[in-house]
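A quick write-up on the structure given underneath.
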Amino acid sequence: MNSLNPARQAPVTTADKIFETMQHEIVEGEILAGSKISEPELAKKYQVSRSTLREALNRLEKCHLIERKANVGSRVVECTVTGLLEIYIVREALEGMACRLAATAMADDEIAELQSILADHGQDKKLQDGVAYYQEEGDLDFHYRVIQGSNNQQLINILCGELYHLVRMYRCQFGMNSPRATRAYDEHKAILHAIADRDGELAEMLMRRHIAASRKNIERKLEQEKL
């Protein structure tokens with residue numbers, strides 16, 4: 001597997017550990033979306049120096065989990081409907097491209113590993129009941145593995161580094177339950193089948209359709225909530 005994902009380097013320094021801790025807390029909502037970042041309070045909470053904390057905050061900004069504005073300071077990003085839909089449009093294009101590349105770049109053993117991961121996903125009770133399809137992050141995430149399998153470092157940097165945890169934050173904030181759970185799983189299997197057949201054109205089309213269907217499902221869900 002490609003190990004150059006900037007968001008998944010093994011924590012070595014104190015700043016690495018603070019970055020990973022805060023990243024998890026923001027994604028899971030333990031640090032609230034839109035909340036103001038207080039460097040003195042956080043330095044005291046994590047018992048680190050302000051310079052160490054700022055290093056972690058710089059990395060969180062690159063992952064689009066916090067934003068800084070002149071004369072205002074830093075805040076955790078807000079989860080907006082517009083932001084969510086824009087991310088899905090970007091994912092549709094870039095993950096489709098990653099799929100096309102993965103069909104020629106992924107080694108046979110990587111494909112076999114991903115087939116095993118999908119088989120494990122299929123044993124999840126909530127998925128079998130058709131109510132939710134939750135994937136652990138990183139190597140246990142189908143989309144993550146496909147992107148890594150593209151062997152294109154620019155795509156990996158953008159999708160697994162800059163956007164990956166922001167996407168997971170949105171998923172947590174907007175809820176994981178979906179009437180598409182079973183269908184989404186079947187779509188993953190079809191995408192992987194195309195990759196295994198080394199059919200990049202089909203793999204790209206299926207991935208684009210898969211993400212577009214998820215986006216449309218979110219739009220329908222939001223419309224129903226308005227009513």
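Identifiers in the structure tokens: chain A, B, ... in order shown; residue index from 1 per chain; ligand index from 1 in order shown.
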
- Item | Near-range 94-110 of chain A list (7 Å; only C-alpha atoms; drop same-chain fewer than 3 positions) as a list in words |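 Answer for this query is Val90, Arg91, Glu113, Leu114, Val146, Ile147, Gly149, Ser150, Asn151, Ile195, Ala196, Arg198, Asp199, Gly200, Glu201, Ala203, Glu204, Met205, Met207 and Arg208 of chain A.
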
- Write out as a ChimeraX atom specification all residues of range 5-199 of chain A that backbone DSSP assigns to alpha helix (DSSP H). /A:14-27,39-46,50-62,81-105,108-121,125-128,142-149,153-156,164-174,181-196

- Task: List the neighbours of Cys63 in chain A out to 10 Å using only C-alpha atoms; skip same-chain residues closer than 6 positions along the sequence, and give me the result as a PyMOL selection string.
- Result: chain A and resi 6-7+23+57+158-166

Restrict the selected residues to N, CA and C atoms and save them as a compact mmCIF listing (two decimals), in the first residue's frame.
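Result saved to selection07.txt:
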# COMPACT_ATOMS: atom_id res chain seq x y z
N PRO A 6 -0.47 12.19 3.62
CA PRO A 6 -0.02 13.14 4.65
C PRO A 6 -0.91 13.16 5.88
N ALA A 7 -2.12 12.66 5.77
CA ALA A 7 -3.03 12.67 6.91
C ALA A 7 -2.89 11.43 7.77
N GLN A 23 -8.03 16.33 15.47
CA GLN A 23 -8.68 15.89 14.23
C GLN A 23 -9.83 14.95 14.55
N LEU A 57 -2.35 23.10 14.61
CA LEU A 57 -3.42 23.90 14.01
C LEU A 57 -3.15 24.17 12.53
N ILE A 158 -4.89 15.24 -2.29
CA ILE A 158 -6.13 16.00 -2.24
C ILE A 158 -7.23 15.22 -1.52
N LEU A 159 -7.45 13.97 -1.94
CA LEU A 159 -8.60 13.21 -1.45
C LEU A 159 -8.36 12.54 -0.09
N CYS A 160 -7.14 12.08 0.13
CA CYS A 160 -6.85 11.42 1.41
C CYS A 160 -6.20 12.35 2.41
N GLY A 161 -5.68 13.47 1.94
CA GLY A 161 -5.03 14.42 2.83
C GLY A 161 -5.91 15.62 3.12
N GLU A 162 -6.22 16.39 2.08
CA GLU A 162 -6.92 17.66 2.29
C GLU A 162 -8.40 17.49 2.59
N LEU A 163 -9.06 16.52 1.95
CA LEU A 163 -10.52 16.43 2.05
C LEU A 163 -11.04 15.25 2.88
N TYR A 164 -10.21 14.27 3.14
CA TYR A 164 -10.71 13.01 3.71
C TYR A 164 -11.44 13.20 5.03
N HIS A 165 -10.81 13.88 5.98
CA HIS A 165 -11.42 14.02 7.30
C HIS A 165 -12.56 15.04 7.30
N LEU A 166 -12.51 15.98 6.37
CA LEU A 166 -13.64 16.91 6.23
C LEU A 166 -14.87 16.15 5.76

- Task: Would you mind reading off the distance between CA of Asp139 in chain A and CA of Val167 in chain A, one decimal, in Å?
- Result: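 Here the two named atoms are 15.8 Å from each other.
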
- CA of Glu92 in chain A to CA of Leu155 in chain A, straight-line distance in Å: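 CA of Glu92 in chain A lies 12.6 Å from CA of Leu155 in chain A.
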
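Minimum distance to Asp129 in chain A across A:Arg180, A:Arg171, A:Arg145, A:Arg50 (counting only C-alpha atoms) occurs at A:Arg180.
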
- Item | Contact residues around range 72-87 of chain A with only C-alpha atoms at 7 Å, ignoring same-chain residues under 2 positions, as a ChimeraX atom specification | /A:33-37,65-70,89-91,170,215

Please report, as CSV, each residue of range 35-144 of chain A lying at most 12 Å from range 12-20 of chain A, together with the nearest pair of atoms and the separation in Å rounded to one decimal; use only C-alpha atoms, and order rows by chain and ascending residue number.
residue,atom,partner,partner_atom,distance
A:Leu42,CA,A:Ile18,CA,9.9
A:Ala43,CA,A:Ile18,CA,9.8
A:Lys45,CA,A:Ile18,CA,10.6
A:Tyr46,CA,A:Ile18,CA,7.4
A:Gln47,CA,A:Ile18,CA,9.9
A:Val48,CA,A:Thr14,CA,8.0
A:Ser49,CA,A:Ala15,CA,9.6
A:Arg50,CA,A:Ala15,CA,10.4
A:Ser51,CA,A:Ala15,CA,9.0
A:Thr52,CA,A:Ala15,CA,5.3
A:Leu53,CA,A:Ala15,CA,6.5
A:Arg54,CA,A:Ala15,CA,8.4
A:Glu55,CA,A:Ala15,CA,6.2
A:Ala56,CA,A:Phe19,CA,4.6
A:Leu57,CA,A:Phe19,CA,7.0
A:Asn58,CA,A:Phe19,CA,9.0
A:Arg59,CA,A:Phe19,CA,7.0
A:Leu60,CA,A:Phe19,CA,6.8
A:Glu61,CA,A:Phe19,CA,10.4
A:Lys62,CA,A:Phe19,CA,11.3
A:Cys63,CA,A:Phe19,CA,10.5
A:Leu65,CA,A:Phe19,CA,10.9
A:Ile66,CA,A:Phe19,CA,11.6

- Item | Point-to-point distance in Å for CA of His121 in chain A and CA of Gly138 in chain A |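 Pair CA of Gly138 in chain A / CA of His121 in chain A returns 14.0 Å.
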
- Selected residue of minimal separation from Phe142 in chain A among A:Ala93, A:Leu222, A:Leu202, A:Ala184, counting only C-alpha atoms: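 Nearest candidate to Phe142 in chain A out of A:Ala93, A:Leu222, A:Leu202, A:Ala184: A:Ala184.
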
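Nearest residue to Gly29 in chain A, choosing from A:Cys172, A:Leu127, A:Leu118, A:Ala181 and counting only C-alpha atoms: A:Cys172.
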
If you count only C-alpha atoms, which residues fall within 12 Å of range 185-187 of chain A, apart from same-chain ones fewer than 2 positions away, as a compact mmCIF listing (two decimals) with N, CA, C and O atoms, in the first residue's frame?
# COMPACT_ATOMS: atom_id res chain seq x y z
N GLN A 115 -11.21 -6.95 -1.70
CA GLN A 115 -12.33 -7.89 -1.77
C GLN A 115 -12.62 -8.47 -0.39
O GLN A 115 -13.78 -8.63 0.00
N ILE A 117 -11.94 -6.99 2.50
CA ILE A 117 -12.49 -5.90 3.30
C ILE A 117 -13.99 -5.74 3.02
O ILE A 117 -14.80 -5.59 3.95
N LEU A 118 -14.37 -5.79 1.75
CA LEU A 118 -15.78 -5.67 1.41
C LEU A 118 -16.58 -6.84 1.96
O LEU A 118 -17.72 -6.67 2.39
N ALA A 119 -15.98 -8.01 1.97
CA ALA A 119 -16.67 -9.18 2.54
C ALA A 119 -16.91 -8.95 4.03
O ALA A 119 -17.98 -9.28 4.56
N ASP A 120 -15.94 -8.36 4.72
CA ASP A 120 -16.11 -8.04 6.15
C ASP A 120 -17.20 -6.99 6.34
O ASP A 120 -18.00 -7.07 7.27
N HIS A 121 -17.23 -5.98 5.46
CA HIS A 121 -18.28 -4.97 5.53
C HIS A 121 -19.66 -5.63 5.46
O HIS A 121 -20.60 -5.22 6.15
N GLY A 122 -19.77 -6.64 4.60
CA GLY A 122 -21.05 -7.29 4.38
C GLY A 122 -21.58 -8.03 5.59
O GLY A 122 -22.78 -8.36 5.64
N GLN A 123 -20.73 -8.26 6.59
CA GLN A 123 -21.16 -8.96 7.81
C GLN A 123 -21.73 -8.02 8.86
O GLN A 123 -22.25 -8.47 9.88
N ASP A 124 -21.65 -6.71 8.60
CA ASP A 124 -22.14 -5.74 9.59
C ASP A 124 -23.66 -5.81 9.71
O ASP A 124 -24.38 -5.80 8.71
N LYS A 126 -25.96 -3.65 10.84
CA LYS A 126 -26.72 -2.50 10.35
C LYS A 126 -26.80 -2.49 8.83
O LYS A 126 -27.82 -2.10 8.25
N LEU A 127 -25.72 -2.93 8.17
CA LEU A 127 -25.74 -3.00 6.71
C LEU A 127 -26.71 -4.10 6.27
O LEU A 127 -27.50 -3.92 5.33
N GLN A 128 -26.66 -5.24 6.94
CA GLN A 128 -27.56 -6.34 6.59
C GLN A 128 -29.02 -5.94 6.79
O GLN A 128 -29.90 -6.40 6.05
N GLY A 130 -30.02 -2.97 6.28
CA GLY A 130 -30.28 -1.93 5.30
C GLY A 130 -30.48 -0.54 5.87
O GLY A 130 -31.10 0.31 5.23
N VAL A 131 -29.94 -0.28 7.08
CA VAL A 131 -30.16 1.03 7.71
C VAL A 131 -28.92 1.92 7.70
O VAL A 131 -29.03 3.15 7.76
N ALA A 132 -27.72 1.34 7.65
CA ALA A 132 -26.50 2.16 7.67
C ALA A 132 -25.33 1.36 7.12
O ALA A 132 -25.29 0.13 7.24
N TYR A 133 -24.40 2.08 6.50
CA TYR A 133 -23.18 1.46 5.99
C TYR A 133 -22.02 2.30 6.50
O TYR A 133 -21.63 3.28 5.89
N TYR A 134 -21.50 1.92 7.67
CA TYR A 134 -20.41 2.67 8.30
C TYR A 134 -19.09 1.95 8.04
O TYR A 134 -18.99 0.74 8.21
N GLN A 135 -18.08 2.72 7.63
CA GLN A 135 -16.75 2.17 7.42
C GLN A 135 -15.75 2.87 8.33
O GLN A 135 -15.80 4.09 8.47
N ASP A 141 -11.52 1.61 4.80
CA ASP A 141 -12.49 2.40 4.04
C ASP A 141 -12.31 2.10 2.56
O ASP A 141 -11.23 2.28 2.00
N PHE A 142 -13.37 1.65 1.90
CA PHE A 142 -13.30 1.27 0.49
C PHE A 142 -12.78 2.42 -0.37
O PHE A 142 -11.88 2.24 -1.20
N HIS A 143 -13.33 3.61 -0.21
CA HIS A 143 -12.94 4.74 -1.03
C HIS A 143 -11.46 5.10 -0.81
O HIS A 143 -10.74 5.38 -1.77
N SER A 178 -28.86 5.65 6.19
CA SER A 178 -29.24 5.94 4.81
C SER A 178 -30.04 4.80 4.23
O SER A 178 -29.70 3.63 4.43
N PRO A 179 -31.11 5.12 3.49
CA PRO A 179 -31.86 4.07 2.81
C PRO A 179 -31.06 3.45 1.68
O PRO A 179 -31.47 2.43 1.12
N ARG A 180 -29.91 4.07 1.34
CA ARG A 180 -29.06 3.55 0.27
C ARG A 180 -28.00 2.57 0.76
O ARG A 180 -27.15 2.14 -0.02
N ALA A 181 -28.03 2.21 2.02
CA ALA A 181 -26.95 1.41 2.60
C ALA A 181 -26.65 0.15 1.78
O ALA A 181 -25.51 -0.07 1.36
N THR A 182 -27.66 -0.67 1.56
CA THR A 182 -27.45 -1.93 0.84
C THR A 182 -27.04 -1.68 -0.60
O THR A 182 -26.13 -2.33 -1.14
N ARG A 183 -27.70 -0.71 -1.24
CA ARG A 183 -27.37 -0.40 -2.63
C ARG A 183 -25.95 0.13 -2.74
O ARG A 183 -25.22 -0.21 -3.68
N LYS A 189 -19.15 -3.25 -4.64
CA LYS A 189 -18.75 -4.54 -5.20
C LYS A 189 -18.64 -4.45 -6.73
O LYS A 189 -17.72 -5.04 -7.32
N ALA A 190 -19.57 -3.74 -7.37
CA ALA A 190 -19.53 -3.61 -8.82
C ALA A 190 -18.30 -2.81 -9.27
O ALA A 190 -17.65 -3.14 -10.27
N ILE A 191 -17.97 -1.76 -8.52
CA ILE A 191 -16.79 -0.95 -8.82
C ILE A 191 -15.53 -1.79 -8.72
O ILE A 191 -14.67 -1.76 -9.61
N LEU A 192 -15.43 -2.56 -7.65
CA LEU A 192 -14.25 -3.39 -7.46
C LEU A 192 -14.16 -4.48 -8.54
O LEU A 192 -13.06 -4.82 -8.98
N HIS A 193 -15.29 -5.00 -8.95
CA HIS A 193 -15.30 -6.00 -10.02
C HIS A 193 -14.72 -5.40 -11.31
O HIS A 193 -13.93 -6.05 -12.01
N ALA A 194 -15.10 -4.16 -11.60
CA ALA A 194 -14.57 -3.49 -12.79
C ALA A 194 -13.06 -3.25 -12.67
O ALA A 194 -12.31 -3.43 -13.64
N ALA A 203 -15.00 1.32 -14.44
CA ALA A 203 -14.77 1.63 -13.02
C ALA A 203 -15.02 3.10 -12.74
O ALA A 203 -15.66 3.46 -11.75
N MET A 205 -16.92 5.21 -14.50
CA MET A 205 -18.34 5.51 -14.66
C MET A 205 -19.14 5.06 -13.45
O MET A 205 -20.00 5.80 -12.94
N LEU A 206 -18.83 3.86 -12.94
CA LEU A 206 -19.56 3.33 -11.78
C LEU A 206 -19.30 4.15 -10.53
O LEU A 206 -20.21 4.39 -9.73
N MET A 207 -18.06 4.60 -10.34
CA MET A 207 -17.75 5.41 -9.16
C MET A 207 -18.45 6.76 -9.24
O MET A 207 -19.00 7.25 -8.25
N ARG A 208 -18.43 7.37 -10.43
CA ARG A 208 -19.09 8.66 -10.58
C ARG A 208 -20.59 8.52 -10.31
O ARG A 208 -21.19 9.37 -9.63
N ARG A 209 -21.20 7.47 -10.82
CA ARG A 209 -22.63 7.23 -10.58
C ARG A 209 -22.90 6.99 -9.10
O ARG A 209 -23.89 7.46 -8.54
N HIS A 210 -22.00 6.26 -8.46
CA HIS A 210 -22.14 5.93 -7.03
C HIS A 210 -22.15 7.19 -6.17
O HIS A 210 -23.03 7.37 -5.32
N ILE A 211 -21.19 8.08 -6.40
CA ILE A 211 -21.11 9.30 -5.60
C ILE A 211 -22.24 10.26 -5.95
O ILE A 211 -22.81 10.90 -5.07
N ALA A 212 -22.60 10.32 -7.24
CA ALA A 212 -23.72 11.18 -7.64
C ALA A 212 -25.02 10.71 -7.00
O ALA A 212 -25.84 11.53 -6.56
N ALA A 213 -25.22 9.40 -6.91
CA ALA A 213 -26.43 8.86 -6.28
C ALA A 213 -26.47 9.21 -4.80
O ALA A 213 -27.53 9.53 -4.25
N SER A 214 -25.32 9.17 -4.14
CA SER A 214 -25.26 9.54 -2.72
C SER A 214 -25.60 11.01 -2.54
O SER A 214 -26.32 11.39 -1.62

- Message: I'd like to know which residues of chain A are strand (DSSP E or B) (by DSSP, run on the backbone); could you write them as a list in words?
- Response: Lys36, Ile66, Glu67, Arg68, Lys69, Gly73, Ser74, Arg75, Val76, Ala132 and Asn177 of chain A

Keeping only C-alpha atoms, write the selected residues as a compact mmCIF listing (two decimals), in the first residue's frame.
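Contents of the output file selection.txt:
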# COMPACT_ATOMS: atom_id res chain seq x y z
CA LYS A 36 -13.80 29.46 18.26
CA ILE A 66 -10.33 24.84 10.87
CA GLU A 67 -10.26 28.22 9.17
CA ARG A 68 -8.44 31.41 10.03
CA LYS A 69 -9.65 34.92 9.27
CA GLY A 73 -9.03 34.34 14.66
CA SER A 74 -9.48 30.62 14.13
CA ARG A 75 -12.67 28.58 14.17
CA VAL A 76 -13.70 25.02 13.47
CA ALA A 132 -26.50 2.16 7.67
CA ASN A 177 -28.11 6.23 8.41

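Remark: for Arg168 in chain A, the closest of the candidate residues A:Glu137, A:Glu30, A:Ile111, A:Glu41 is A:Glu137 (distances computed over only C-alpha atoms).
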